[in-house]
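Undergrad: Below is the structure I would like to discuss, written out as structure tokens.
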Amino acid sequence: AQSVSQHNHHVILSEAASLELGCNYSYGGTVNLFWYVQYPGQHLQLLLKYFSGDPLVKGIKGFEAEFIKSKFSFNLRKPSVQWSDTAEYFCAVNGNNRLAFGKGNQVVVIP
Amino acid sequence: DGGITQSPKYLFRKEGQNVTLSCEQNLNHDAMYWYRQDPGQGLRLIYYSQIVNDFQKGDIAEGYSVSREKKESFPLTVTSAQKNPTAFYLCASREKGANYGYTFGSGTRLTVV
């Protein structure tokens with residue numbers, strides 16, 4: 001089964017700072033990759049996804065992620081964060097009809 | 001609108017009792033999934049089903065049971081054998097085949113006292 005690693009579980013940064021969250025996965029076959037976000041007290045929402053094609057994918061709210069196959073990575077980035085980006089972020093990998101999640105990154109943006 | 005309905009939103013049970021969480025979808029999706037979310041643990045897969053009358057154990061199936069008698073329904077029973085049942089439970093569904101995303105329900109928060 002596939003597995004997903006997310007580092008730096010807690011991230012604290014100031015508004016306008018840049019954000020990068022790392023995601024590494026292990027799976028030998030074809031994968032679909034996702035980033036989800038969960039705002040405080042809210043449901044899981046899809047930020048962006050990669051299935052094939054251009055490895056740089058753009059999602060909602062100014063987020064983007066880059067799939068680097070050779071590094072088994074799918075890192076999430078945002079050039080300039082806002083207070084409203086305070087949330088928990090989950091990387092997920094679909095393989096063999098199963099979706100595996102990382103443990104998440106708790107991001108706090110200080111105004 | 002199509003979607004996944006999980007009910008109830010909050011559920012309280014006494015220790016030692018079995019409890020069943022409901023998950024219904026009207027998306028005509030073939031596959032359905034149950035996840036458990038705990039702080040700092042992410043979402044962990046409990047059970048999943050690719051077709052009616054068939055299901056597979058996920059990573060943390062012990063103490064749980066499921067059934068898939070209808071395409072639109074995938075109830076999860078938390079049995080008294082589950083040692084730490086208090087958690088947030090999420091149901092998801094997906095169309096069969098490649099290049100399809102997952103749709104998640106709004107979750108049920110189970111508290112066992």
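All residue names refer to the structure tokens as shown: chains lettered A, B, ... in order, residues numbered from 1 in each chain, ligands numbered from 1 in order.
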Report the closest atom pair, with its distance in Å rounded to one decimal, for each residue of chain A that has an atom no farther than 6 Å from chain B; count only C-alpha atoms, sort by chain and then rising residue number, and write it as JSON lines.
TA:
```
{"residue": "A:His43", "atom": "CA", "partner": "B:Ser106", "partner_atom": "CA", "distance": 5.7}
{"residue": "A:Phe51", "atom": "CA", "partner": "B:Asn99", "partner_atom": "CA", "distance": 5.9}
{"residue": "A:Phe101", "atom": "CA", "partner": "B:Leu43", "partner_atom": "CA", "distance": 5.8}
{"residue": "A:Gly102", "atom": "CA", "partner": "B:Gly42", "partner_atom": "CA", "distance": 5.8}
{"residue": "A:Lys103", "atom": "CA", "partner": "B:Gly42", "partner_atom": "CA", "distance": 3.8}
{"residue": "A:Gly104", "atom": "CA", "partner": "B:Gly42", "partner_atom": "CA", "distance": 5.5}
```
Undergrad: Write the residues of the selection above to a file with N, CA, C and O atoms, as an mmCIF file, in the first residue's frame.
TA:
```cif
data_model
loop_
_atom_site.group_PDB
_atom_site.id
_atom_site.type_symbol
_atom_site.label_atom_id
_atom_site.label_comp_id
_atom_site.auth_asym_id
_atom_site.auth_seq_id
_atom_site.Cartn_x
_atom_site.Cartn_y
_atom_site.Cartn_z
ATOM 1 N N HIS A 43 -15.393 21.494 6.743
ATOM 2 C CA HIS A 43 -15.198 20.217 6.099
ATOM 3 C C HIS A 43 -13.918 20.193 5.279
ATOM 4 O O HIS A 43 -13.329 21.226 4.988
ATOM 5 N N PHE A 51 -3.406 14.506 -12.029
ATOM 6 C CA PHE A 51 -3.645 13.184 -12.596
ATOM 7 C C PHE A 51 -2.618 12.870 -13.661
ATOM 8 O O PHE A 51 -2.080 11.769 -13.714
ATOM 9 N N PHE A 101 -3.590 9.308 3.116
ATOM 10 C CA PHE A 101 -3.320 10.679 3.536
ATOM 11 C C PHE A 101 -2.038 10.760 4.351
ATOM 12 O O PHE A 101 -1.667 9.830 5.069
ATOM 13 N N GLY A 102 -1.402 11.926 4.276
ATOM 14 C CA GLY A 102 -0.354 12.235 5.223
ATOM 15 C C GLY A 102 -0.968 12.694 6.539
ATOM 16 O O GLY A 102 -2.182 12.831 6.662
ATOM 17 N N LYS A 103 -0.099 12.967 7.525
ATOM 18 C CA LYS A 103 -0.612 13.335 8.836
ATOM 19 C C LYS A 103 -1.022 14.798 8.929
ATOM 20 O O LYS A 103 -1.577 15.226 9.938
ATOM 21 N N GLY A 104 -0.744 15.563 7.902
ATOM 22 C CA GLY A 104 -1.219 16.927 7.856
ATOM 23 C C GLY A 104 -0.205 17.952 8.341
ATOM 24 O O GLY A 104 0.733 17.630 9.068
#
```
Undergrad: Near Tyr64 (chain B), counting only C-alpha atoms, which residues have an atom at most 10 Å away, once you skip same-chain residues fewer than 4 positions from it, shown as a list in words?
TA: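 Skipping anything fewer than 4 positions along the chain leaves Asn18, Val19, Thr20, Ile46, Tyr47, Lys57, Ile60, Leu76, Thr77, Val78, Thr79, Ser80, Ala81, Gln82 and Pro85 of chain B.
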Undergrad: Keeping only all heavy atoms, write the selected residues as a short mmCIF file (atom, residue, chain, number, x, y, z; two decimals), in the first residue's frame.
TA:
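Output saved as out_13.cif:
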```cif
data_model
loop_
_atom_site.label_atom_id
_atom_site.label_comp_id
_atom_site.auth_asym_id
_atom_site.auth_seq_id
_atom_site.Cartn_x
_atom_site.Cartn_y
_atom_site.Cartn_z
N ASN B 18 -22.32 -1.03 20.72
CA ASN B 18 -22.05 -0.88 19.30
C ASN B 18 -22.83 0.34 18.78
O ASN B 18 -23.90 0.66 19.28
CB ASN B 18 -22.51 -2.11 18.52
CG ASN B 18 -21.66 -3.33 18.83
OD1 ASN B 18 -20.69 -3.26 19.59
ND2 ASN B 18 -22.02 -4.46 18.25
N VAL B 19 -22.28 0.99 17.77
CA VAL B 19 -22.98 2.12 17.17
C VAL B 19 -22.74 2.10 15.66
O VAL B 19 -21.65 1.77 15.21
CB VAL B 19 -22.49 3.46 17.79
CG1 VAL B 19 -21.00 3.65 17.60
CG2 VAL B 19 -23.26 4.63 17.24
N THR B 20 -23.78 2.45 14.91
CA THR B 20 -23.68 2.45 13.45
C THR B 20 -23.77 3.86 12.90
O THR B 20 -24.70 4.60 13.23
CB THR B 20 -24.78 1.57 12.82
OG1 THR B 20 -24.59 0.22 13.27
CG2 THR B 20 -24.69 1.60 11.30
N ILE B 46 -10.35 2.98 7.09
CA ILE B 46 -10.89 1.90 7.91
C ILE B 46 -11.34 0.74 7.02
O ILE B 46 -10.87 -0.39 7.16
CB ILE B 46 -12.09 2.39 8.75
CG1 ILE B 46 -11.71 3.59 9.61
CG2 ILE B 46 -12.62 1.26 9.63
CD1 ILE B 46 -12.90 4.24 10.32
N TYR B 47 -12.27 1.01 6.11
CA TYR B 47 -12.79 0.03 5.17
C TYR B 47 -13.10 0.73 3.86
O TYR B 47 -13.36 1.93 3.84
CB TYR B 47 -14.09 -0.61 5.69
CG TYR B 47 -13.94 -1.88 6.47
CD1 TYR B 47 -13.95 -1.85 7.86
CD2 TYR B 47 -13.80 -3.10 5.83
CE1 TYR B 47 -13.83 -3.02 8.61
CE2 TYR B 47 -13.68 -4.28 6.57
CZ TYR B 47 -13.69 -4.24 7.94
OH TYR B 47 -13.57 -5.40 8.67
N LYS B 57 -10.70 -4.51 3.95
CA LYS B 57 -10.17 -3.83 5.12
C LYS B 57 -9.15 -2.78 4.69
O LYS B 57 -8.37 -2.98 3.76
CB LYS B 57 -9.48 -4.83 6.04
CG LYS B 57 -10.43 -5.80 6.72
CD LYS B 57 -9.68 -6.73 7.65
CE LYS B 57 -10.65 -7.69 8.34
NZ LYS B 57 -9.94 -8.62 9.26
N ILE B 60 -6.84 0.32 9.40
CA ILE B 60 -7.19 0.24 10.82
C ILE B 60 -8.58 -0.37 10.99
O ILE B 60 -9.44 0.19 11.65
CB ILE B 60 -7.11 1.63 11.49
CG1 ILE B 60 -7.98 2.66 10.74
CG2 ILE B 60 -5.69 2.13 11.58
CD1 ILE B 60 -8.24 3.93 11.55
N LEU B 76 -21.15 2.10 8.65
CA LEU B 76 -20.01 1.67 9.44
C LEU B 76 -20.46 1.40 10.87
O LEU B 76 -21.07 2.27 11.49
CB LEU B 76 -18.92 2.75 9.45
CG LEU B 76 -17.73 2.50 10.38
CD1 LEU B 76 -16.81 1.45 9.79
CD2 LEU B 76 -16.95 3.81 10.61
N THR B 77 -20.18 0.21 11.38
CA THR B 77 -20.48 -0.11 12.77
C THR B 77 -19.19 -0.08 13.59
O THR B 77 -18.22 -0.75 13.24
CB THR B 77 -21.16 -1.48 12.90
OG1 THR B 77 -22.42 -1.43 12.22
CG2 THR B 77 -21.41 -1.83 14.36
N VAL B 78 -19.23 0.72 14.64
CA VAL B 78 -18.11 0.77 15.58
C VAL B 78 -18.48 -0.17 16.71
O VAL B 78 -19.46 0.06 17.43
CB VAL B 78 -17.90 2.20 16.10
CG1 VAL B 78 -16.67 2.27 16.99
CG2 VAL B 78 -17.78 3.19 14.94
N THR B 79 -17.74 -1.24 16.84
CA THR B 79 -18.11 -2.26 17.81
C THR B 79 -17.43 -1.99 19.15
O THR B 79 -16.52 -1.15 19.26
CB THR B 79 -17.72 -3.66 17.32
OG1 THR B 79 -16.31 -3.81 17.43
CG2 THR B 79 -18.16 -3.87 15.88
N SER B 80 -17.86 -2.73 20.15
CA SER B 80 -17.28 -2.58 21.49
C SER B 80 -15.83 -3.05 21.52
O SER B 80 -15.10 -2.76 22.48
CB SER B 80 -18.11 -3.36 22.50
OG SER B 80 -18.21 -4.71 22.12
N ALA B 81 -15.39 -3.74 20.48
CA ALA B 81 -14.01 -4.20 20.40
C ALA B 81 -13.03 -3.09 20.00
O ALA B 81 -11.82 -3.24 20.14
CB ALA B 81 -13.89 -5.35 19.40
N GLN B 82 -13.57 -1.98 19.51
CA GLN B 82 -12.69 -0.86 19.12
C GLN B 82 -12.24 -0.16 20.41
O GLN B 82 -13.07 0.40 21.15
CB GLN B 82 -13.45 0.09 18.20
CG GLN B 82 -12.79 1.45 17.93
CD GLN B 82 -11.33 1.39 17.54
OE1 GLN B 82 -10.48 2.03 18.15
NE2 GLN B 82 -11.03 0.61 16.53
N PRO B 85 -12.70 4.45 20.33
CA PRO B 85 -13.63 4.79 19.25
C PRO B 85 -13.92 6.29 19.11
O PRO B 85 -14.42 6.69 18.06
CB PRO B 85 -14.90 4.05 19.65
CG PRO B 85 -14.82 3.94 21.14
CD PRO B 85 -13.37 3.80 21.46
#
```
Undergrad: Just how far from CA of Ala1 (chain A) is CA of Gly29 (chain A), in Å to one decimal?
TA: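 Atom-to-atom, CA of Gly29 (chain A) to CA of Ala1 (chain A), that is 10.3 Å.
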Undergrad: Env of Tyr50 (chain A): 9 Å cut, atoms = only C-alpha atoms, seq-sep filter 5 positions within chain, self excluded. Answer as JSON, numbers by chain.
TA: {"A": [31, 32, 33, 34, 55, 56, 57, 65, 66, 67, 74], "B": [99]}
Undergrad: Could you pull the residues within 8 Å of region 7-16 of chain A, counting only C-alpha atoms, minus those fewer than 5 positions along the same chain, as a ChimeraX atom specification?
TA: /A:21-23,79-83,103-111 /B:40
Undergrad: As a VMD selection string, please: all residues of region 12-113 of chain B that backbone DSSP puts in strand (DSSP E).
TA: chain B and resid 12 to 13 19 to 25 31 to 38 42 to 51 54 to 57 64 to 66 76 to 78 87 to 94 102 to 104 108 to 112
Undergrad: At a cut-off of 8 Å, using only C-alpha atoms, what residues contact Leu46 (chain A)? Leave out same-chain residues fewer than 6 positions from it and give the result as a ChimeraX atom specification.
TA: /A:34-37
Undergrad: Give me a file of those residues, with all heavy atoms, as a PDB file, in the first residue's frame.
TA:
```
ATOM      1  N   PHE A  34      -3.225  14.641  -4.522  1.00  0.00           N
ATOM      2  CA  PHE A  34      -4.190  15.646  -4.075  1.00  0.00           C
ATOM      3  C   PHE A  34      -3.622  16.434  -2.889  1.00  0.00           C
ATOM      4  O   PHE A  34      -2.830  15.922  -2.105  1.00  0.00           O
ATOM      5  CB  PHE A  34      -5.489  14.980  -3.589  1.00  0.00           C
ATOM      6  CG  PHE A  34      -6.142  14.055  -4.585  1.00  0.00           C
ATOM      7  CD1 PHE A  34      -5.715  12.738  -4.719  1.00  0.00           C
ATOM      8  CD2 PHE A  34      -7.198  14.492  -5.366  1.00  0.00           C
ATOM      9  CE1 PHE A  34      -6.318  11.878  -5.617  1.00  0.00           C
ATOM     10  CE2 PHE A  34      -7.819  13.635  -6.263  1.00  0.00           C
ATOM     11  CZ  PHE A  34      -7.378  12.333  -6.392  1.00  0.00           C
ATOM     12  N   TRP A  35      -4.073  17.673  -2.796  1.00  0.00           N
ATOM     13  CA  TRP A  35      -3.930  18.442  -1.570  1.00  0.00           C
ATOM     14  C   TRP A  35      -5.331  18.870  -1.137  1.00  0.00           C
ATOM     15  O   TRP A  35      -6.096  19.432  -1.923  1.00  0.00           O
ATOM     16  CB  TRP A  35      -3.063  19.686  -1.771  1.00  0.00           C
ATOM     17  CG  TRP A  35      -1.601  19.428  -1.610  1.00  0.00           C
ATOM     18  CD1 TRP A  35      -0.694  19.194  -2.605  1.00  0.00           C
ATOM     19  CD2 TRP A  35      -0.858  19.389  -0.386  1.00  0.00           C
ATOM     20  NE1 TRP A  35       0.557  19.003  -2.074  1.00  0.00           N
ATOM     21  CE2 TRP A  35       0.484  19.127  -0.715  1.00  0.00           C
ATOM     22  CE3 TRP A  35      -1.199  19.555   0.964  1.00  0.00           C
ATOM     23  CZ2 TRP A  35       1.492  19.022   0.245  1.00  0.00           C
ATOM     24  CZ3 TRP A  35      -0.204  19.455   1.914  1.00  0.00           C
ATOM     25  CH2 TRP A  35       1.125  19.194   1.562  1.00  0.00           C
ATOM     26  N   TYR A  36      -5.621  18.602   0.147  1.00  0.00           N
ATOM     27  CA  TYR A  36      -6.883  19.005   0.742  1.00  0.00           C
ATOM     28  C   TYR A  36      -6.596  20.011   1.850  1.00  0.00           C
ATOM     29  O   TYR A  36      -5.534  19.991   2.473  1.00  0.00           O
ATOM     30  CB  TYR A  36      -7.614  17.804   1.344  1.00  0.00           C
ATOM     31  CG  TYR A  36      -8.198  16.846   0.332  1.00  0.00           C
ATOM     32  CD1 TYR A  36      -7.445  15.779  -0.160  1.00  0.00           C
ATOM     33  CD2 TYR A  36      -9.505  17.005  -0.126  1.00  0.00           C
ATOM     34  CE1 TYR A  36      -7.985  14.902  -1.079  1.00  0.00           C
ATOM     35  CE2 TYR A  36     -10.048  16.130  -1.047  1.00  0.00           C
ATOM     36  CZ  TYR A  36      -9.281  15.083  -1.516  1.00  0.00           C
ATOM     37  OH  TYR A  36      -9.814  14.211  -2.435  1.00  0.00           O
ATOM     38  N   VAL A  37      -7.600  20.836   2.126  1.00  0.00           N
ATOM     39  CA  VAL A  37      -7.488  21.801   3.209  1.00  0.00           C
ATOM     40  C   VAL A  37      -8.706  21.674   4.118  1.00  0.00           C
ATOM     41  O   VAL A  37      -9.817  21.397   3.655  1.00  0.00           O
ATOM     42  CB  VAL A  37      -7.366  23.250   2.678  1.00  0.00           C
ATOM     43  CG1 VAL A  37      -8.607  23.654   1.874  1.00  0.00           C
ATOM     44  CG2 VAL A  37      -7.138  24.237   3.816  1.00  0.00           C
TER      45      VAL A  37
END
```
Undergrad: If you measure from CA of Lys71 (chain A) to CA of Ser26 (chain A), what distance in Å do you get, rounded to one decimal?
TA: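 We find that CA of Lys71 (chain A) and CA of Ser26 (chain A) lie 9.9 Å from each other.
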Undergrad: One decimal, in Å: what's the spacing between CA of Leu48 (chain A) and CA of Arg109 (chain B)?
TA: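 The value is 26.1 Å.
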Undergrad: Residues within 6 Å of region 1-6 of chain B, please, as a ChimeraX atom specification. Count only C-alpha atoms; anything in the same chain fewer than 6 positions from it doesn't count.
TA: /B:22-27,105,107
